[in-house]
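target-v1.txt follows; it contains compact mmCIF, C-alpha atoms.
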# COMPACT_ATOMS: atom_id res chain seq x y z
CA MET A 1 0.00 0.00 0.00
CA MET A 2 1.54 3.23 -1.11
CA SER A 3 0.39 5.47 1.72
CA ASP A 4 1.70 3.27 4.54
CA ARG A 5 4.68 5.57 4.77
CA VAL A 6 2.52 8.37 6.02
CA LEU A 7 -0.59 7.18 7.75
CA SER A 8 -0.17 3.65 8.95
CA SER A 9 3.24 3.36 10.46
CA ASP A 10 3.33 3.77 14.21
CA ARG A 11 6.86 2.41 14.49
CA THR A 12 8.52 5.09 12.42
CA VAL A 13 7.01 8.05 14.18
CA SER A 14 8.31 7.97 17.73
CA ALA A 15 9.71 11.48 17.69
CA PRO A 16 11.41 12.58 20.91
CA ARG A 17 9.21 14.77 23.08
CA ARG A 18 10.46 17.93 24.65
CA GLU A 19 8.53 17.44 27.88
CA ALA A 20 10.24 14.15 28.73
CA SER A 21 10.76 15.14 32.39
CA ALA A 22 7.87 13.94 34.57
CA PRO A 23 5.40 13.64 31.69
CA TRP A 24 2.75 12.12 33.98
CA LEU A 25 2.60 15.42 35.86
CA TRP A 26 1.75 17.31 32.67
CA TRP A 27 -0.70 14.60 31.58
CA SER A 28 -2.49 14.75 34.94
CA ALA A 29 -2.60 18.55 34.77
CA SER A 30 -3.94 18.35 31.20
CA PHE A 31 -6.64 15.87 32.25
CA LEU A 32 -7.73 18.10 35.12
CA LEU A 33 -7.68 21.16 32.86
CA VAL A 34 -9.99 19.51 30.30
CA ILE A 35 -12.41 18.43 33.06
CA GLY A 36 -12.30 21.84 34.75
CA LEU A 37 -12.92 23.76 31.51
CA THR A 38 -15.74 21.39 30.48
CA VAL A 39 -17.46 21.91 33.83
CA ALA A 40 -16.96 25.68 33.42
CA THR A 41 -18.59 25.48 29.96
CA TRP A 42 -21.54 23.55 31.41
CA TRP A 43 -21.88 26.12 34.21
CA LEU A 44 -21.81 29.07 31.78
CA ASN A 45 -24.36 27.38 29.52
CA LYS A 46 -26.66 26.85 32.49
CA THR A 47 -26.13 30.15 34.27
CA VAL A 48 -25.69 32.89 31.63
CA PRO A 49 -29.25 32.59 30.20
CA THR A 50 -30.61 33.30 33.71
CA TRP A 51 -28.88 36.71 33.67
CA ASN A 52 -30.66 37.95 30.57
CA LYS A 53 -33.30 36.31 28.35
CA GLN A 54 -31.59 37.51 25.16
CA LEU A 55 -28.49 35.53 26.10
CA ARG A 56 -30.48 32.29 25.65
CA VAL A 57 -29.58 32.32 21.96
CA ILE A 58 -25.98 31.56 22.88
CA GLU A 59 -25.49 27.78 22.82
CA PHE A 60 -22.79 25.69 24.50
CA PRO A 61 -20.40 25.54 21.47
CA VAL A 62 -19.88 29.30 21.84
CA TYR A 63 -18.82 29.08 25.50
CA ALA A 64 -16.69 26.00 24.81
CA VAL A 65 -14.75 27.52 21.90
CA ALA A 66 -14.33 30.81 23.79
CA LEU A 67 -12.98 29.09 26.91
CA GLY A 68 -10.69 26.92 24.77
CA LEU A 69 -9.34 30.00 23.00
CA LEU A 70 -8.86 31.78 26.32
CA ALA A 71 -6.90 28.86 27.76
CA ASN A 72 -4.95 28.64 24.48
CA GLY A 73 -3.96 32.34 24.71
CA VAL A 74 -3.12 32.40 28.41
CA LEU A 75 -1.13 29.16 28.45
CA SER A 76 0.68 30.14 25.23
CA LEU A 77 1.80 33.34 26.93
CA LEU A 78 3.02 31.28 29.88
CA GLY A 79 4.82 28.95 27.45
CA ILE A 80 3.10 25.75 28.69
CA ARG A 81 0.27 25.32 26.17
CA ASP A 82 1.87 22.42 24.29
CA ARG A 83 2.81 20.60 27.51
CA LEU A 84 -0.80 20.71 28.68
CA ALA A 85 -2.27 19.63 25.33
CA ALA A 86 -2.28 15.82 25.88
CA TYR A 87 -5.99 15.41 26.73
CA PHE A 88 -7.44 18.05 24.42
CA ARG A 89 -8.46 15.33 21.93
CA THR A 90 -10.98 16.91 19.59
CA GLU A 91 -11.37 13.83 17.39
CA PHE A 92 -11.91 11.41 20.29
CA PHE A 93 -14.44 13.59 22.11
CA LEU A 94 -16.29 14.41 18.91
CA LYS A 95 -16.48 10.83 17.65
CA THR A 96 -17.56 9.43 21.02
CA GLY A 97 -20.22 12.17 21.12
CA LEU A 98 -21.35 11.14 17.64
CA VAL A 99 -21.68 7.48 18.68
CA LEU A 100 -23.87 8.72 21.57
CA LEU A 101 -25.79 10.88 19.10
CA GLY A 102 -26.51 7.71 17.11
CA ALA A 103 -28.25 6.31 20.19
CA THR A 104 -30.68 9.24 20.17
CA ILE A 105 -31.60 9.00 16.48
CA ASN A 106 -34.13 6.44 15.31
CA LEU A 107 -32.82 4.01 12.71
CA THR A 108 -35.62 4.90 10.29
CA GLU A 109 -34.39 8.53 10.34
CA ILE A 110 -30.83 7.41 9.60
CA VAL A 111 -32.04 5.30 6.67
CA ALA A 112 -34.32 8.06 5.31
CA PHE A 113 -31.93 10.98 5.74
CA GLY A 114 -28.84 8.84 5.09
CA ALA A 115 -30.05 7.83 1.61
CA LYS A 116 -30.69 11.48 0.74
CA GLY A 117 -27.42 12.43 2.42
CA LEU A 118 -25.46 10.00 0.27
CA VAL A 119 -26.96 11.46 -2.92
CA GLN A 120 -26.12 14.96 -1.67
CA ALA A 121 -22.62 13.84 -0.67
CA VAL A 122 -21.82 12.39 -4.09
CA ILE A 123 -23.00 15.58 -5.86
CA LEU A 124 -21.17 17.91 -3.46
CA ILE A 125 -17.92 15.96 -3.20
CA THR A 126 -17.61 15.68 -6.98
CA SER A 127 -18.52 19.28 -7.80
CA VAL A 128 -16.65 20.95 -4.92
CA PHE A 129 -13.53 18.79 -5.30
CA LEU A 130 -13.24 19.52 -9.02
CA PHE A 131 -14.02 23.23 -8.56
CA THR A 132 -11.34 23.58 -5.86
CA TRP A 133 -8.82 21.53 -7.85
CA PHE A 134 -9.15 23.63 -11.00
CA VAL A 135 -9.28 27.00 -9.20
CA ALA A 136 -6.13 26.01 -7.29
CA ARG A 137 -4.42 24.96 -10.53
CA TRP A 138 -5.48 28.24 -12.16
CA LEU A 139 -3.93 30.16 -9.26
CA GLY A 140 -0.73 28.09 -9.44
CA VAL A 141 -1.02 26.27 -6.09
CA GLU A 142 1.41 23.34 -5.73
CA GLU A 143 -0.06 19.90 -6.58
CA LYS A 144 0.04 18.23 -3.14
CA LEU A 145 -1.35 21.29 -1.40
CA ARG A 146 -4.02 21.39 -4.11
CA ALA A 147 -5.05 17.81 -3.25
CA LEU A 148 -5.24 18.62 0.47
CA LEU A 149 -7.27 21.77 -0.12
CA SER A 150 -9.70 20.02 -2.48
CA ALA A 151 -10.23 17.05 -0.14
CA SER A 152 -10.73 19.20 2.94
CA VAL A 153 -13.29 21.55 1.36
CA ALA A 154 -15.13 18.78 -0.49
CA ILE A 155 -15.33 16.09 2.21
CA CYS A 156 -14.79 16.68 5.91
CA GLY A 157 -12.09 19.18 6.76
CA VAL A 158 -9.23 18.03 8.94
CA SER A 159 -9.82 14.25 8.66
CA ALA A 160 -10.03 14.50 4.88
CA ALA A 161 -6.88 16.60 4.74
CA ILE A 162 -5.04 13.98 6.81
CA THR A 163 -6.35 11.19 4.59
CA ALA A 164 -5.38 13.09 1.43
CA ALA A 165 -1.96 13.79 2.97
CA GLY A 166 -1.54 10.02 3.22
CA ALA A 167 -2.65 9.45 -0.34
CA VAL A 168 -0.26 11.99 -1.89
CA LEU A 169 2.54 11.92 0.71
CA ALA A 170 2.17 15.58 1.61
CA LYS A 171 4.47 17.46 3.96
CA LYS A 172 3.62 18.07 7.60
CA GLU A 173 3.71 21.84 7.01
CA GLN A 174 1.14 21.54 4.24
CA LEU A 175 -1.12 19.51 6.51
CA ALA A 176 -0.72 21.99 9.38
CA TYR A 177 -1.47 24.82 6.99
CA VAL A 178 -4.66 23.26 5.61
CA THR A 179 -5.79 22.31 9.13
CA GLY A 180 -5.43 25.97 10.13
CA LEU A 181 -7.44 27.06 7.10
CA VAL A 182 -10.21 24.54 7.84
CA ILE A 183 -10.67 25.87 11.38
CA LEU A 184 -10.28 29.49 10.27
CA PHE A 185 -13.24 29.11 7.90
CA ALA A 186 -15.30 26.63 9.93
CA LEU A 187 -15.47 28.64 13.15
CA PRO A 188 -17.25 31.71 11.74
CA LEU A 189 -19.49 29.48 9.60
CA MET A 190 -20.49 27.53 12.71
CA PHE A 191 -22.16 30.69 14.03
CA LEU A 192 -23.13 32.40 10.77
CA GLN A 193 -24.75 29.53 8.89
CA PRO A 194 -27.46 28.62 11.43
CA ALA A 195 -28.24 32.35 11.75
CA VAL A 196 -28.61 32.68 7.98
CA ALA A 197 -30.70 29.48 7.86
CA ILE A 198 -33.09 30.96 10.43
CA TRP A 199 -33.13 34.28 8.55
CA LEU A 200 -33.95 32.43 5.30
CA ASN A 201 -36.67 30.56 7.21
CA LEU A 202 -35.38 27.20 6.03
CA PRO A 203 -37.10 24.10 7.42
CA PRO A 204 -34.86 22.31 9.97
CA GLU A 205 -34.23 19.40 7.57
CA VAL A 206 -33.02 21.71 4.77
CA ALA A 207 -31.02 23.83 7.22
CA GLY A 208 -29.38 20.70 8.64
CA ALA A 209 -28.56 19.28 5.21
CA TRP A 210 -27.14 22.65 4.14
CA ILE A 211 -24.97 22.87 7.26
CA GLY A 212 -23.82 19.24 6.90
CA GLY A 213 -23.09 19.67 3.21
CA ASN A 214 -21.20 22.93 3.55
CA ILE A 215 -19.23 23.26 6.77
CA ASP A 216 -16.04 21.28 6.38
CA THR A 217 -15.16 19.98 9.79
CA THR A 218 -17.57 17.60 11.54
CA ALA A 219 -17.19 19.36 14.89
CA ALA A 220 -18.35 22.68 13.47
CA VAL A 221 -21.26 20.91 11.73
CA VAL A 222 -22.38 19.56 15.10
CA GLY A 223 -21.95 23.02 16.63
CA ALA A 224 -23.94 24.77 13.91
CA GLY A 225 -26.66 22.11 14.03
CA SER A 226 -26.92 22.45 17.82
CA ILE A 227 -27.24 26.22 17.49
CA HIS A 228 -30.08 25.88 14.95
CA SER A 229 -32.28 23.11 16.41
CA GLN A 230 -32.27 19.48 17.53
CA GLN A 231 -33.77 18.34 14.22
CA ALA A 232 -31.18 20.32 12.25
CA LEU A 233 -28.46 18.73 14.41
CA LYS A 234 -29.71 15.24 13.51
CA VAL A 235 -29.95 15.90 9.77
CA ALA A 236 -26.67 17.86 9.67
CA SER A 237 -24.84 15.02 11.43
CA ILE A 238 -26.29 12.36 9.13
CA ALA A 239 -25.50 14.47 6.03
CA LYS A 240 -21.92 15.00 7.27
CA LEU A 241 -21.45 11.33 8.15
CA SER A 242 -22.61 10.42 4.63
CA GLN A 243 -19.74 12.56 3.32
CA ASN A 244 -17.34 11.08 5.86
CA ALA A 245 -18.32 7.58 4.71
CA LEU A 246 -17.04 8.35 1.22
CA ILE A 247 -13.63 9.48 2.42
CA GLY A 248 -12.09 6.05 1.76
CA VAL A 249 -13.31 6.05 -1.83
CA VAL A 250 -11.89 9.54 -2.45
CA ALA A 251 -8.55 8.62 -0.82
CA PHE A 252 -8.35 5.54 -3.03
CA LEU A 253 -9.06 7.51 -6.21
CA LEU A 254 -6.63 10.24 -5.19
CA ALA A 255 -3.88 7.71 -4.46
CA LEU A 256 -4.57 6.00 -7.78
CA TYR A 257 -4.37 9.32 -9.64
CA TRP A 258 -1.12 10.17 -7.88
CA VAL A 259 0.56 6.89 -8.72
CA VAL A 260 -0.71 6.60 -12.29
CA VAL A 261 -0.76 10.22 -13.48
CA VAL A 262 1.40 12.45 -11.27
CA GLU A 263 4.28 10.13 -10.33
CA ARG A 264 3.79 7.69 -13.25
CA ARG A 265 4.91 4.52 -11.47
CA PRO A 266 3.96 1.64 -13.75
CA GLY A 267 2.69 -1.48 -12.03
CA GLN A 268 2.06 0.17 -8.65
CA ARG A 269 -1.56 0.54 -7.53
CA PRO A 270 -3.21 1.24 -4.18
CA SER A 271 -5.24 -1.78 -3.04
CA ALA A 272 -9.00 -1.87 -2.47
CA TRP A 273 -8.17 -2.55 1.21
CA GLU A 274 -7.26 1.15 1.37
CA ILE A 275 -10.96 2.04 1.10
CA TRP A 276 -11.70 0.10 4.28
CA GLU A 277 -8.56 1.37 5.98
CA ARG A 278 -9.58 4.98 5.43
CA PHE A 279 -13.25 4.42 6.30
CA PRO A 280 -14.09 6.36 9.50
CA LYS A 281 -14.96 3.50 11.86
CA PHE A 282 -16.89 5.66 14.33
CA ILE A 283 -19.72 5.73 11.78
CA LEU A 284 -20.19 2.02 12.50
CA GLY A 285 -20.56 2.86 16.19
CA PHE A 286 -23.07 5.60 15.34
CA ILE A 287 -25.21 3.17 13.30
CA LEU A 288 -24.88 0.30 15.80
CA ALA A 289 -25.96 2.55 18.69
CA SER A 290 -28.98 3.66 16.67
CA ILE A 291 -29.92 0.04 15.81
CA VAL A 292 -29.70 -1.11 19.46
CA VAL A 293 -31.71 1.80 20.86
CA SER A 294 -34.30 1.80 18.03
CA LEU A 295 -34.92 -1.93 18.48
CA GLY A 296 -35.00 -1.52 22.26
CA LEU A 297 -37.56 1.29 22.12
CA ALA A 298 -39.72 -0.62 19.62
CA ASN A 299 -39.69 -3.76 21.81
CA GLY A 300 -40.07 -1.96 25.11
CA TRP A 301 -36.81 -3.00 26.77
CA VAL A 302 -35.36 0.52 26.55
CA VAL A 303 -36.99 3.41 28.43
CA LYS A 304 -37.01 6.94 27.02
CA ALA A 305 -35.41 8.29 30.21
CA ALA A 306 -32.27 6.27 29.40
CA VAL A 307 -32.10 7.91 25.96
CA ARG A 308 -32.35 11.35 27.61
CA ASP A 309 -29.43 10.40 29.90
CA LEU A 310 -27.37 9.56 26.80
CA GLN A 311 -28.36 12.88 25.23
CA ARG A 312 -27.02 14.77 28.25
CA LEU A 313 -23.81 12.73 28.24
CA ARG A 314 -23.40 13.48 24.52
CA GLU A 315 -23.42 17.22 25.26
CA TRP A 316 -20.53 16.76 27.70
CA PHE A 317 -18.45 15.09 25.01
CA PHE A 318 -19.32 17.79 22.49
CA MET A 319 -18.41 20.50 25.03
CA ALA A 320 -14.99 18.86 25.48
CA ALA A 321 -14.60 18.62 21.68
CA PHE A 322 -15.29 22.34 21.14
CA LEU A 323 -13.00 23.27 24.01
CA SER A 324 -10.28 21.23 22.33
CA ILE A 325 -10.85 23.04 19.03
CA GLY A 326 -10.36 26.42 20.70
CA TYR A 327 -7.35 25.11 22.62
CA GLY A 328 -5.69 23.60 19.57
CA LEU A 329 -6.24 26.56 17.25
CA SER A 330 -2.95 27.61 15.71
CA PHE A 331 -2.17 29.62 12.62
CA HIS A 332 1.50 28.66 12.54
CA GLY A 333 1.86 27.75 8.88
CA LEU A 334 -0.61 30.32 7.58
CA ARG A 335 1.85 33.22 7.41
CA ASP A 336 4.35 31.43 5.19
CA ALA A 337 2.06 29.98 2.53
CA GLY A 338 0.94 33.26 0.96
CA TRP A 339 -2.48 34.44 -0.19
CA ARG A 340 -3.20 31.96 -3.01
CA PRO A 341 -4.34 28.93 -0.93
CA ILE A 342 -6.46 31.25 1.23
CA ALA A 343 -8.09 32.66 -1.92
CA VAL A 344 -8.70 29.11 -3.19
CA TYR A 345 -10.26 28.09 0.12
CA ALA A 346 -12.47 31.20 0.22
CA LEU A 347 -13.69 30.72 -3.36
CA ALA A 348 -14.29 27.00 -2.80
CA THR A 349 -16.21 27.66 0.42
CA GLY A 350 -18.37 30.24 -1.37
CA PHE A 351 -19.07 27.76 -4.16
CA ASN A 352 -19.77 24.97 -1.65
CA THR A 353 -22.19 27.20 0.30
CA LEU A 354 -24.28 27.99 -2.80
CA VAL A 355 -24.27 24.49 -4.31
CA ALA A 356 -25.05 22.87 -0.92
CA LEU A 357 -27.99 25.24 -0.41
CA ALA A 358 -29.37 24.40 -3.84
CA VAL A 359 -28.88 20.64 -3.45
CA ALA A 360 -30.25 20.55 0.12
CA SER A 361 -33.29 22.59 -0.92
CA VAL A 362 -34.10 20.11 -3.70
CA ILE A 363 -33.33 16.85 -1.89
CA PHE A 364 -34.46 17.58 1.68
CA ARG A 365 -37.52 19.80 1.19
CA MET B 1 11.04 12.17 6.14
CA VAL B 2 10.64 14.08 9.39
CA GLN B 3 7.82 16.06 7.81
CA GLU B 4 6.12 12.85 6.65
CA GLN B 5 6.53 11.36 10.12
CA GLY B 6 4.69 14.33 11.58
CA ALA B 7 1.77 13.71 9.25
CA ALA B 8 1.96 10.00 10.07
CA ARG B 9 1.76 10.62 13.81
CA GLN B 10 -1.31 12.81 13.40
CA GLY B 11 -2.92 10.41 10.92
CA SER B 12 -2.42 7.23 12.89
CA ARG B 13 -3.63 8.92 16.08
CA ILE B 14 -6.85 9.99 14.40
CA PHE B 15 -7.54 6.51 13.07
CA THR B 16 -6.76 4.90 16.44
CA GLU B 17 -9.13 7.35 18.09
CA ASP B 18 -11.81 6.18 15.66
CA TRP B 19 -11.88 2.71 17.20
CA LEU B 20 -11.42 4.06 20.72
CA ALA B 21 -14.46 6.30 20.22
CA VAL B 22 -16.51 3.31 19.03
CA VAL B 23 -15.55 1.22 22.09
CA VAL B 24 -16.04 4.03 24.61
CA GLY B 25 -19.22 5.29 22.94
CA LEU B 26 -20.90 1.88 22.77
CA THR B 27 -19.85 1.07 26.35
CA LEU B 28 -21.47 4.31 27.50
CA VAL B 29 -24.59 3.49 25.49
CA ALA B 30 -24.76 0.09 27.24
CA LEU B 31 -24.30 1.72 30.66
CA GLY B 32 -26.95 4.31 29.84
CA LEU B 33 -29.47 1.71 28.71
CA ALA B 34 -28.77 -0.26 31.89
CA GLY B 35 -29.80 2.84 33.84
CA LEU B 36 -26.35 3.51 35.28
CA LEU B 37 -25.95 7.08 33.98
CA LYS B 38 -28.94 8.64 35.72
CA ASN B 39 -27.31 11.51 37.59
CA ILE B 40 -25.66 13.32 34.69
CA PRO B 41 -26.45 17.04 34.93
As structure tokens:
Amino acid sequence: MMSDRVLSSDRTVSAPRREASAPWLWWSASFLLVIGLTVATWWLNKTVPTWNKQLRVIEFPVYAVALGLLANGVLSLLGIRDRLAAYFRTEFFLKTGLVLLGATINLTEIVAFGAKGLVQAVILITSVFLFTWFVARWLGVEEKLRALLSASVAICGVSAAITAAGAVLAKKEQLAYVTGLVILFALPLMFLQPAVAIWLNLPPEVAGAWIGGNIDTTAAVVGAGSIHSQQALKVASIAKLSQNALIGVVAFLLALYWVVVVERRPGQRPSAWEIWERFPKFILGFILASIVVSLGLANGWVVKAAVRDLQRLREWFFMAAFLSIGYGLSFHGLRDAGWRPIAVYALATGFNTLVALAVASVIFR
Amino acid sequence: MVQEQGAARQGSRIFTEDWLAVVVGLTLVALGLAGLLKNIP
């Protein structure tokens, strides 16, 4: 498999860590910091709306990202941000939260919205990927960076960029740069898009599909959906997971293109196993949780109160995920890469926003 | 190579966390359905 060099080798990546002295102390401190900030987010979310009714519109992702950014800034100034970063695991918190979300969505909804979501995903991935690819080529962006940009805008942000980095053997700096861009664009969209959806008076299903089809990173999709409504959150998550599910296929095609066209290595092909390897496994957990709970509710051996407990637990994981986004935000590589990739990303996001609105309005209305 | 290793570290961590999230998430679902997560605020 051609991309083993980048994504699948644990043995070759044991880089020495700077904080080798008493690492358990920093890990413990990091663990406590995540817990403390998550509790603070929960407290703000519960308490602030009691101060003023108008503040009820602010949902927990706002407090979580703000607290994460605050901790990021303060600890960066003190020079200990990186040492305390061990437990700020955006991907883990988000994916566990999504498995719990699966438990609160009926299987029939997943089947109904998932089928539509897959149609939407195929249309959006194809059109947005090609648009980004050709705009980037027109602006003279380097090939590997072009692949990362196209995958991240068209599929699912950071995870897609990492997968594409594996397929084309991109540099760490390019990955860091694209990751920064993804967050830079996703954070404002997380707040703006639900507001625009409400202003446009979109039904929750269309709003959710639009959010899921447009915002790149899954965490921001969950945030935007939560800000809009519970129904929008469900549809947005299912629409996004439909895109995530296709990541393996895109990685396979990208790797194939790289080997056959760009590097022209005769006889070398990525294997079909790569599709499974790149498939985001948490989607299986999401569907399995939904199957178990849906069957349980239908047969009477699951009570609705238990599902509500899981819903509350899910919010705790999402709060920790948003905190981690704010904490991990870094624009390190952005200064060096110049304006062209930013222009590509902005144009592609604009295109994605319009096409996703059109497609969601047709498929989900 | 060092640059590729950086991408590798990030990539493999994400895909490991995929399975970890499935195990932890489904365990929590089981605990919740068994009524053991009642006092979550």
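Of the listed residues (A:Lys240, A:Lys234, A:Arg83, A:Arg340), A:Lys240 comes nearest to Ala154 (chain A); the distances count only C-alpha atoms.
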Quiz item: Hey, which of A:Gly223, A:Gly140, A:Gly97, A:Pro280 ends up closest to Val65 (chain A)? Count all atoms listed in the file.
Solution: A:Gly223
Go through chain A residue by residue and, counting all atoms listed in the file, keep those with an atom at most 8 Å from chain B; for each kept residue give the shortest atom pair and its distance in Å to one decimal, ordered by chain and increasing number, as a tab-separated table.
residue	atom	partner	partner_atom	distance
A:Arg5	CA	B:Ala8	CA	7.4
A:Val6	CA	B:Ala8	CA	4.4
A:Leu7	CA	B:Ala8	CA	4.5
A:Ser8	CA	B:Ser12	CA	5.8
A:Ser9	CA	B:Ala8	CA	6.8
A:Asp10	CA	B:Ser12	CA	6.8
A:Thr12	CA	B:Gln5	CA	7.0
A:Val13	CA	B:Gln5	CA	5.3
A:Glu91	CA	B:Ile14	CA	6.6
A:Phe92	CA	B:Glu17	CA	5.4
A:Phe93	CA	B:Ala21	CA	7.5
A:Lys95	CA	B:Ala21	CA	5.6
A:Thr96	CA	B:Ala21	CA	4.5
A:Gly97	CA	B:Gly25	CA	7.2
A:Val99	CA	B:Gly25	CA	5.4
A:Leu100	CA	B:Gly25	CA	5.9
A:Ala103	CA	B:Val29	CA	7.0
A:Ser159	CA	B:Ile14	CA	7.7
A:Ile162	CA	B:Gly11	CA	5.8
A:Thr163	CA	B:Gly11	CA	7.2
A:Ala165	CA	B:Ala7	CA	7.3
A:Gly166	CA	B:Ala8	CA	7.7
A:Leu169	CA	B:Glu4	CA	7.0
A:Ala170	CA	B:Glu4	CA	7.0
A:Lys171	CA	B:Gln3	CA	5.3
A:Lys172	CA	B:Gln3	CA	4.7
A:Glu173	CA	B:Gln3	CA	7.1
A:Leu175	CA	B:Ala7	CA	7.0
A:Pro280	CA	B:Asp18	CA	6.6
A:Lys281	CA	B:Asp18	CA	5.6
A:Phe282	CA	B:Val22	CA	5.3
A:Leu284	CA	B:Val22	CA	7.6
A:Gly285	CA	B:Val22	CA	5.0
A:Phe286	CA	B:Val22	CA	7.9
A:Ala289	CA	B:Leu26	CA	6.5
A:Val302	CA	B:Leu33	CA	6.4
A:Val303	CA	B:Leu33	CA	7.7
A:Ala306	CA	B:Leu33	CA	5.4
A:Val307	CA	B:Leu33	CA	7.3
A:Asp309	CA	B:Lys38	CA	6.1
A:Leu310	CA	B:Gly32	CA	6.1
A:Arg312	CA	B:Ile40	CA	6.7
A:Leu313	CA	B:Ile40	CA	6.7
Could you take the residues named above and write them with C-alpha atoms, as a CSV table (one decimal), keeping the file's coordinate frame?
chain,number,residue,atom,x,y,z
A,5,ARG,CA,4.7,5.6,4.8
A,6,VAL,CA,2.5,8.4,6.0
A,7,LEU,CA,-0.6,7.2,7.8
A,8,SER,CA,-0.2,3.6,9.0
A,9,SER,CA,3.2,3.4,10.5
A,10,ASP,CA,3.3,3.8,14.2
A,12,THR,CA,8.5,5.1,12.4
A,13,VAL,CA,7.0,8.0,14.2
A,91,GLU,CA,-11.4,13.8,17.4
A,92,PHE,CA,-11.9,11.4,20.3
A,93,PHE,CA,-14.4,13.6,22.1
A,95,LYS,CA,-16.5,10.8,17.6
A,96,THR,CA,-17.6,9.4,21.0
A,97,GLY,CA,-20.2,12.2,21.1
A,99,VAL,CA,-21.7,7.5,18.7
A,100,LEU,CA,-23.9,8.7,21.6
A,103,ALA,CA,-28.2,6.3,20.2
A,159,SER,CA,-9.8,14.2,8.7
A,162,ILE,CA,-5.0,14.0,6.8
A,163,THR,CA,-6.4,11.2,4.6
A,165,ALA,CA,-2.0,13.8,3.0
A,166,GLY,CA,-1.5,10.0,3.2
A,169,LEU,CA,2.5,11.9,0.7
A,170,ALA,CA,2.2,15.6,1.6
A,171,LYS,CA,4.5,17.5,4.0
A,172,LYS,CA,3.6,18.1,7.6
A,173,GLU,CA,3.7,21.8,7.0
A,175,LEU,CA,-1.1,19.5,6.5
A,280,PRO,CA,-14.1,6.4,9.5
A,281,LYS,CA,-15.0,3.5,11.9
A,282,PHE,CA,-16.9,5.7,14.3
A,284,LEU,CA,-20.2,2.0,12.5
A,285,GLY,CA,-20.6,2.9,16.2
A,286,PHE,CA,-23.1,5.6,15.3
A,289,ALA,CA,-26.0,2.6,18.7
A,302,VAL,CA,-35.4,0.5,26.6
A,303,VAL,CA,-37.0,3.4,28.4
A,306,ALA,CA,-32.3,6.3,29.4
A,307,VAL,CA,-32.1,7.9,26.0
A,309,ASP,CA,-29.4,10.4,29.9
A,310,LEU,CA,-27.4,9.6,26.8
A,312,ARG,CA,-27.0,14.8,28.2
A,313,LEU,CA,-23.8,12.7,28.2
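Atom to atom, CA of Ala209 (chain A) and CA of Val222 (chain A) stand 11.7 Å apart.
With CA of Pro341 (chain A) on one side and CA of Ala147 (chain A) on the other, the separation reads 11.4 Å.
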Quick one: 3 Å padding each side, axis-aligned, all listed atoms of region 19-35 of chain A - centre and edge lengths in Å to one decimal, as AutoDock Vina command-line options?
--center_x -0.8 --center_y 16.6 --center_z 31.9 --size_x 29.2 --size_y 15.0 --size_z 14.0
Self-check item: Contact residues around Leu241 (chain A) with all atoms listed in the file at 10 Å, ignoring same-chain residues under 2 positions, as a list in words
Solution: Leu98, Gly114, Gly117, Leu118, Ala121, Ile155, Cys156, Gly212, Gly213, Thr218, Val235, Ala236, Ser237, Ile238, Ala239, Gln243, Asn244, Ala245, Leu246, Ile247, Pro280, Phe282, Ile283 and Phe286 of chain A
Just the selected residues (C-alpha atoms), exported as a PDB file, in the coordinates of the input, please.
ATOM      1  CA  LEU A  98     -21.350  11.140  17.640  1.00  0.00           C
ATOM      2  CA  GLY A 114     -28.840   8.840   5.090  1.00  0.00           C
ATOM      3  CA  GLY A 117     -27.420  12.430   2.420  1.00  0.00           C
ATOM      4  CA  LEU A 118     -25.460  10.000   0.270  1.00  0.00           C
ATOM      5  CA  ALA A 121     -22.620  13.840  -0.670  1.00  0.00           C
ATOM      6  CA  ILE A 155     -15.330  16.090   2.210  1.00  0.00           C
ATOM      7  CA  CYS A 156     -14.790  16.680   5.910  1.00  0.00           C
ATOM      8  CA  GLY A 212     -23.820  19.240   6.900  1.00  0.00           C
ATOM      9  CA  GLY A 213     -23.090  19.670   3.210  1.00  0.00           C
ATOM     10  CA  THR A 218     -17.570  17.600  11.540  1.00  0.00           C
ATOM     11  CA  VAL A 235     -29.950  15.900   9.770  1.00  0.00           C
ATOM     12  CA  ALA A 236     -26.670  17.860   9.670  1.00  0.00           C
ATOM     13  CA  SER A 237     -24.840  15.020  11.430  1.00  0.00           C
ATOM     14  CA  ILE A 238     -26.290  12.360   9.130  1.00  0.00           C
ATOM     15  CA  ALA A 239     -25.500  14.470   6.030  1.00  0.00           C
ATOM     16  CA  GLN A 243     -19.740  12.560   3.320  1.00  0.00           C
ATOM     17  CA  ASN A 244     -17.340  11.080   5.860  1.00  0.00           C
ATOM     18  CA  ALA A 245     -18.320   7.580   4.710  1.00  0.00           C
ATOM     19  CA  LEU A 246     -17.040   8.350   1.220  1.00  0.00           C
ATOM     20  CA  ILE A 247     -13.630   9.480   2.420  1.00  0.00           C
ATOM     21  CA  PRO A 280     -14.090   6.360   9.500  1.00  0.00           C
ATOM     22  CA  PHE A 282     -16.890   5.660  14.330  1.00  0.00           C
ATOM     23  CA  ILE A 283     -19.720   5.730  11.780  1.00  0.00           C
ATOM     24  CA  PHE A 286     -23.070   5.600  15.340  1.00  0.00           C
TER      25      PHE A 286
END
Exercise. Might you pull out every residue within 12 Å of Ala86 (chain A), with all atoms listed in the file counted and same-chain residues fewer than 6 positions away left off, and present them as JSON, numbers by chain?
Key: {"A": [17, 19, 23, 24, 25, 26, 27, 28, 29, 30, 31, 32, 33, 34, 80, 92, 324, 327, 328]}
Quiz item: How many Å separate CA of Ile58 (chain A) from CA of Phe185 (chain A)?
Solution: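 Distance between the two atoms: 19.8 Å.
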